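Q: File name entry_33.csv; file contents CSV, C-alpha atoms; full text below.
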```csv
chain,number,residue,atom,x,y,z
A,1,MET,CA,1.4,15.3,-31.9
A,2,LYS,CA,4.1,12.9,-30.8
A,3,PHE,CA,3.0,13.3,-27.2
A,4,PHE,CA,-0.7,12.7,-28.2
A,5,LYS,CA,0.2,9.5,-30.1
A,6,VAL,CA,2.2,8.2,-27.1
A,7,GLY,CA,-0.7,8.9,-24.8
A,8,GLU,CA,-3.1,7.3,-27.2
A,9,ARG,CA,-1.0,4.2,-27.4
A,10,THR,CA,-0.6,4.0,-23.6
A,11,ALA,CA,-4.4,4.3,-23.2
A,12,ASN,CA,-4.9,1.5,-25.8
A,13,VAL,CA,-2.4,-0.7,-24.0
A,14,GLU,CA,-4.1,-0.1,-20.7
A,15,HIS,CA,-7.5,-0.9,-22.1
A,16,LYS,CA,-6.3,-4.2,-23.6
A,17,LEU,CA,-4.5,-5.2,-20.4
A,18,GLY,CA,-7.6,-4.4,-18.3
A,19,ASP,CA,-9.8,-6.6,-20.4
A,20,MET,CA,-7.2,-9.4,-20.5
A,21,ILE,CA,-6.7,-9.4,-16.7
A,22,TRP,CA,-10.5,-9.2,-16.0
A,23,HIS,CA,-11.0,-12.3,-18.3
A,24,GLN,CA,-8.4,-14.0,-16.2
A,25,ILE,CA,-10.3,-13.2,-13.0
A,26,GLU,CA,-13.6,-14.3,-14.6
A,27,ASP,CA,-12.1,-17.7,-15.3
A,28,THR,CA,-10.7,-18.3,-11.8
A,29,GLU,CA,-12.8,-16.4,-9.3
A,30,GLU,CA,-16.4,-16.4,-8.0
A,31,ILE,CA,-17.9,-13.0,-9.0
A,32,ILE,CA,-20.8,-11.5,-7.0
A,33,THR,CA,-23.7,-10.6,-9.4
A,34,ASN,CA,-26.4,-10.1,-6.7
A,35,ASP,CA,-28.0,-6.8,-7.8
A,36,THR,CA,-28.9,-5.8,-4.2
A,37,ILE,CA,-25.3,-6.1,-3.0
A,38,ILE,CA,-24.0,-4.2,-6.0
A,39,LYS,CA,-26.4,-1.4,-5.5
A,40,SER,CA,-25.5,-1.1,-1.8
A,41,LEU,CA,-21.8,-0.8,-2.6
A,42,ASP,CA,-22.7,1.7,-5.3
A,43,LYS,CA,-24.5,3.8,-2.7
A,44,LEU,CA,-21.3,4.0,-0.7
A,45,LEU,CA,-19.3,5.0,-3.7
A,46,LYS,CA,-21.7,7.6,-5.1
A,47,PRO,CA,-21.0,10.5,-2.6
A,48,ILE,CA,-17.3,10.1,-3.1
A,49,CYS,CA,-17.6,10.4,-6.8
A,50,ASP,CA,-20.3,13.1,-6.8
A,51,ALA,CA,-18.4,15.4,-4.4
A,52,ASN,CA,-15.0,15.0,-6.2
A,53,ASN,CA,-16.1,15.2,-9.9
A,54,ILE,CA,-15.1,11.6,-10.5
A,55,ASN,CA,-17.1,9.9,-13.3
A,56,ARG,CA,-18.7,7.0,-11.6
A,57,ASP,CA,-19.6,5.4,-14.9
A,58,SER,CA,-15.9,5.3,-15.8
A,59,LEU,CA,-15.2,3.0,-12.8
A,60,LYS,CA,-15.7,-0.7,-13.3
A,61,ILE,CA,-16.4,-2.1,-9.8
A,62,HIS,CA,-16.2,-5.9,-9.2
A,63,ILE,CA,-17.0,-7.8,-6.0
A,64,ILE,CA,-15.3,-11.1,-5.7
A,65,LYS,CA,-16.3,-13.9,-3.2
A,66,LYS,CA,-13.1,-14.4,-1.2
A,67,ASP,CA,-12.2,-14.3,2.5
A,68,GLU,CA,-9.1,-12.3,1.9
A,69,ILE,CA,-9.2,-8.7,3.2
A,70,ASN,CA,-8.3,-7.0,0.0
A,71,ALA,CA,-9.2,-4.5,-2.7
A,72,PHE,CA,-7.0,-3.4,-5.6
A,73,ALA,CA,-7.1,-1.4,-8.8
A,74,LEU,CA,-6.5,-2.9,-12.3
A,75,PRO,CA,-5.7,-1.2,-15.6
A,76,ASN,CA,-8.6,0.5,-17.5
A,77,ASN,CA,-10.4,1.7,-14.3
A,78,ASN,CA,-11.2,-1.7,-12.9
A,79,LEU,CA,-11.5,-1.9,-9.1
A,80,VAL,CA,-11.8,-5.3,-7.4
A,81,VAL,CA,-13.2,-5.6,-3.9
A,82,TYR,CA,-13.1,-8.9,-2.0
A,83,THR,CA,-16.0,-9.9,0.2
A,84,GLY,CA,-13.6,-10.5,3.1
A,85,LEU,CA,-12.9,-6.7,3.2
A,86,ILE,CA,-16.6,-5.8,3.3
A,87,GLU,CA,-17.2,-8.3,6.1
A,88,ASP,CA,-14.3,-7.2,8.2
A,89,CYS,CA,-14.8,-3.4,8.1
A,90,LYS,CA,-16.4,-2.4,11.4
A,91,LYS,CA,-17.8,0.8,9.9
A,92,GLN,CA,-19.0,1.8,6.4
A,93,GLU,CA,-16.6,4.8,6.5
A,94,ALA,CA,-13.6,2.4,6.7
A,95,LEU,CA,-14.7,0.6,3.6
A,96,GLN,CA,-15.3,4.0,1.9
A,97,GLY,CA,-11.8,5.0,2.8
A,98,VAL,CA,-10.3,1.9,1.2
A,99,LEU,CA,-12.4,2.4,-1.9
A,100,GLY,CA,-11.3,6.0,-2.0
A,101,HIS,CA,-7.6,4.9,-1.7
A,102,GLU,CA,-8.0,2.6,-4.7
A,103,ILE,CA,-9.9,5.2,-6.7
A,104,ALA,CA,-7.0,7.6,-6.1
A,105,HIS,CA,-4.6,5.0,-7.6
A,106,ILE,CA,-6.8,5.0,-10.7
A,107,GLU,CA,-7.3,8.8,-10.9
A,108,ASN,CA,-3.6,9.5,-10.4
A,109,HIS,CA,-2.5,6.9,-13.0
A,110,HIS,CA,-0.6,4.9,-10.4
A,111,VAL,CA,-1.6,1.5,-11.9
A,112,MET,CA,0.3,1.7,-15.2
A,113,LYS,CA,3.2,3.6,-13.5
A,114,LYS,CA,3.6,0.6,-11.1
A,115,LEU,CA,3.4,-2.0,-13.8
A,116,SER,CA,5.8,-0.1,-16.1
A,117,GLN,CA,8.3,0.1,-13.3
A,118,GLU,CA,8.0,-3.5,-12.0
A,119,ILE,CA,7.2,-5.4,-15.2
A,120,GLY,CA,8.4,-3.1,-18.0
A,121,TYR,CA,6.5,-1.1,-20.5
A,122,SER,CA,7.9,-3.2,-23.4
A,123,VAL,CA,6.6,-6.4,-21.8
A,124,LEU,CA,3.2,-4.8,-21.3
A,125,LEU,CA,3.1,-3.6,-24.9
A,126,ALA,CA,4.0,-7.1,-26.1
A,127,ALA,CA,1.3,-8.7,-23.8
A,128,ALA,CA,-1.3,-6.2,-25.1
A,129,GLY,CA,-0.3,-7.3,-28.6
A,130,GLY,CA,-1.0,-10.9,-27.8
A,131,SER,CA,2.5,-12.1,-26.9
A,132,ASN,CA,2.4,-14.3,-23.8
A,133,GLY,CA,-0.8,-12.5,-22.8
A,134,ALA,CA,-2.2,-15.1,-20.4
A,135,ARG,CA,1.1,-15.5,-18.6
A,136,ILE,CA,1.7,-11.7,-18.3
A,137,ALA,CA,-2.0,-11.3,-17.2
A,138,ARG,CA,-1.4,-13.6,-14.2
A,139,GLU,CA,1.8,-11.8,-13.3
A,140,ILE,CA,0.1,-8.4,-13.5
A,141,LEU,CA,-2.8,-9.7,-11.3
A,142,LYS,CA,-0.3,-11.0,-8.7
A,143,THR,CA,1.6,-7.7,-8.8
A,144,LEU,CA,-1.4,-5.5,-8.3
A,145,SER,CA,-3.3,-7.6,-5.8
A,146,TYR,CA,-0.6,-8.6,-3.4
A,147,SER,CA,2.1,-5.9,-3.4
A,148,ALA,CA,2.1,-2.2,-2.5
A,149,TYR,CA,2.8,0.8,-4.7
A,150,GLY,CA,5.7,2.1,-2.6
A,151,ARG,CA,5.7,4.6,0.3
A,152,SER,CA,5.2,7.8,-1.7
A,153,LEU,CA,2.4,6.5,-3.9
A,154,GLU,CA,0.6,4.9,-1.0
A,155,LYS,CA,0.7,8.1,1.0
A,156,GLU,CA,-0.5,10.0,-2.0
A,157,ALA,CA,-3.5,7.6,-2.3
A,158,ASP,CA,-4.2,7.7,1.4
A,159,ILE,CA,-4.3,11.5,1.6
A,160,ALA,CA,-6.3,11.7,-1.7
A,161,SER,CA,-8.9,9.3,-0.1
A,162,VAL,CA,-9.1,11.5,3.0
A,163,LYS,CA,-9.6,14.6,0.9
A,164,TYR,CA,-12.3,12.7,-1.1
A,165,MET,CA,-14.1,11.8,2.1
A,166,ILE,CA,-13.9,15.3,3.7
A,167,LYS,CA,-15.4,16.8,0.5
A,168,ALA,CA,-18.2,14.2,0.6
A,169,ASN,CA,-18.9,14.8,4.3
A,170,ILE,CA,-17.7,11.3,5.3
A,171,ASP,CA,-15.7,10.9,8.5
A,172,PRO,CA,-12.1,9.7,7.6
A,173,ILE,CA,-11.2,8.7,11.2
A,174,PRO,CA,-12.6,5.1,10.8
A,175,MET,CA,-10.1,4.7,7.9
A,176,ALA,CA,-7.2,5.4,10.3
A,177,ASP,CA,-8.9,3.1,12.9
A,178,PHE,CA,-9.1,0.4,10.3
A,179,MET,CA,-5.4,0.6,9.7
A,180,TYR,CA,-4.6,0.4,13.4
A,181,GLN,CA,-7.0,-2.6,13.7
A,182,MET,CA,-5.4,-4.4,10.8
A,183,GLU,CA,-1.9,-3.7,12.1
A,184,GLN,CA,-2.8,-5.4,15.4
A,185,ASP,CA,-4.8,-8.3,13.8
A,186,ARG,CA,-2.5,-9.2,10.9
A,187,ARG,CA,-0.1,-11.0,13.1
A,188,ILE,CA,-2.7,-13.8,13.5
A,189,ASN,CA,-4.5,-13.5,10.1
A,190,LYS,CA,-2.6,-14.3,7.0
A,191,ASN,CA,-5.5,-13.1,4.8
A,192,MET,CA,-5.1,-9.4,5.5
A,193,TYR,CA,-3.4,-8.6,2.2
A,194,TRP,CA,-4.6,-5.0,1.8
A,195,ILE,CA,-2.8,-3.9,4.9
A,196,SER,CA,0.0,-6.5,5.3
A,197,ASP,CA,1.6,-5.7,2.0
A,198,HIS,CA,1.2,-1.9,2.4
A,199,PRO,CA,4.1,-0.1,4.1
A,200,GLU,CA,4.0,0.8,7.8
A,201,SER,CA,0.2,0.8,8.3
A,202,GLU,CA,0.4,2.2,11.8
A,203,GLN,CA,2.4,5.1,10.5
A,204,ARG,CA,-0.1,5.7,7.8
A,205,ALA,CA,-2.9,5.8,10.3
A,206,LYS,CA,-0.9,8.5,12.2
A,207,TYR,CA,-0.3,10.7,9.2
A,208,ILE,CA,-4.0,10.5,8.3
A,209,LEU,CA,-5.0,11.7,11.8
A,210,ASP,CA,-2.3,14.4,11.6
A,211,PHE,CA,-3.7,15.6,8.2
A,212,ILE,CA,-7.2,16.0,9.5
A,213,LYS,CA,-6.2,17.6,12.8
A,214,GLY,CA,-7.7,21.0,13.2
A,215,LYS,CA,-10.0,20.6,10.2
A,216,LYS,CA,-13.7,21.1,10.5
A,217,LEU,CA,-15.3,17.8,9.7
A,218,GLU,CA,-19.0,17.8,8.9
A,219,SER,CA,-19.7,14.1,8.6
A,220,LYS,CA,-22.8,12.0,8.1
A,221,SER,CA,-23.4,8.3,7.4
A,222,THR,CA,-24.1,7.5,3.7
A,223,ILE,CA,-26.4,4.6,4.7
A,224,SER,CA,-28.0,3.8,8.0
A,225,TYR,CA,-26.3,1.6,10.5
A,226,VAL,CA,-29.1,-1.0,10.0
A,227,ASP,CA,-28.6,-0.9,6.2
A,228,TRP,CA,-24.8,-1.3,6.6
A,229,LYS,CA,-25.3,-4.4,8.8
A,230,ILE,CA,-27.8,-5.8,6.3
A,231,PHE,CA,-25.3,-5.2,3.5
A,232,GLN,CA,-22.6,-7.1,5.4
A,233,GLU,CA,-24.9,-10.0,6.2
A,234,GLN,CA,-26.0,-10.2,2.5
A,235,VAL,CA,-22.4,-10.3,1.4
A,236,LYS,CA,-21.6,-13.0,4.0
A,237,ALA,CA,-24.5,-15.1,2.9
A,238,GLU,CA,-23.4,-15.2,-0.8
```
Would you kindly transcribe this structure into structure tokens?
A:
Amino acid sequence: MKFFKVGERTANVEHKLGDMIWHQIEDTEEIITNDTIIKSLDKLLKPICDANNINRDSLKIHIIKKDEINAFALPNNNLVVYTGLIEDCKKQEALQGVLGHEIAHIENHHVMKKLSQEIGYSVLLAAAGGSNGARIAREILKTLSYSAYGRSLEKEADIASVKYMIKANIDPIPMADFMYQMEQDRRINKNMYWISDHPESEQRAKYILDFIKGKKLESKSTISYVDWKIFQEQVKAE
């Protein structure tokens, strides 16, 4: 009973924090509401969720108009994707790999674990109760959008994403290629937050390739190449 009450309280705190942070984003960022763009992103998410028994309706996906190459998970199953990431991915599978990585953070409860360690559960509890809520929301947003989870949790999310993709018949190699590409390009592009603040991206690409070595991969594109390019152009035009 005590364990149940603690779990219930944590879920309640996470729900309140998620809403609080999302309101902070709504007040400061340009949110994409174009139904065609949202549906295209959903098509890319659907096979990952369907093949891995992930409740798609439980995920709250938000697209933000921003040049930064970034995506990040927030409390209460919120997942934020910047348009800069969508535009920069050379292949749809690379974007699906990043989305899978962030979904893994959500599914494995990494978000609240990270916040409890870095900010403190008592501070989160106070914020959810209304104490210094706006200030803490800004701090949480900065923590989750611009810093990594640490080597072990990032590797767990990487491998989970690869497993998601394999089950969904999505080729995970472009995810590794994306990491190699970002590692090379980040020296001249300060906006590559998703990769620049994650540990040892070249090493991550290598262990992804090692993980899939010898595995039989039956992959197919979720949407056509033409539809993928149209999606990117629509995002760019917003």
Q: To one decimal in Å, tell me the separation between atom CA of Glu202 of chain A and atom CA of Gln92 of chain A.
A: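 Atom CA of Glu202 of chain A sits 20.1 Å away from atom CA of Gln92 of chain A.
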Q: Between atom CA of Ser122 of chain A and atom CA of Ala71 of chain A, measure the distance and give it in Å to one decimal.
A: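 According to the coordinates, atom CA of Ser122 of chain A and atom CA of Ala71 of chain A are separated by 26.9 Å.
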Q: Which residue out of A:Gly130, A:Val13, A:Glu238, A:Lys220 has the minimum interatomic distance to Glu30 of chain A when only C-alpha atoms are used?
A: A:Glu238
Q: Point out the residue among A:Gln96, A:Lys167, A:Val111, A:His62 with the least atom-to-atom distance to Asp35 of chain A, counting only C-alpha atoms.
A: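 With only C-alpha atoms as the atom set, the closest residue is A:His62.
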Q: Residues at most 12 Å from Asp227 of chain A, counting only C-alpha atoms, excluding those fewer than 6 positions away in the same chain, as a PDB file with C-alpha atoms, keeping the file's coordinate frame?
A:
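Final output, result-v1.pdb:
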```
ATOM      1  CA  THR A  36     -28.900  -5.800  -4.200  1.00  0.00           C
ATOM      2  CA  ILE A  37     -25.300  -6.100  -3.000  1.00  0.00           C
ATOM      3  CA  LYS A  39     -26.400  -1.400  -5.500  1.00  0.00           C
ATOM      4  CA  SER A  40     -25.500  -1.100  -1.800  1.00  0.00           C
ATOM      5  CA  LEU A  41     -21.800  -0.800  -2.600  1.00  0.00           C
ATOM      6  CA  LYS A  43     -24.500   3.800  -2.700  1.00  0.00           C
ATOM      7  CA  LEU A  44     -21.300   4.000  -0.700  1.00  0.00           C
ATOM      8  CA  LYS A  91     -17.800   0.800   9.900  1.00  0.00           C
ATOM      9  CA  GLN A  92     -19.000   1.800   6.400  1.00  0.00           C
ATOM     10  CA  SER A 221     -23.400   8.300   7.400  1.00  0.00           C
ATOM     11  CA  GLU A 233     -24.900 -10.000   6.200  1.00  0.00           C
ATOM     12  CA  GLN A 234     -26.000 -10.200   2.500  1.00  0.00           C
TER      13      GLN A 234
END
```
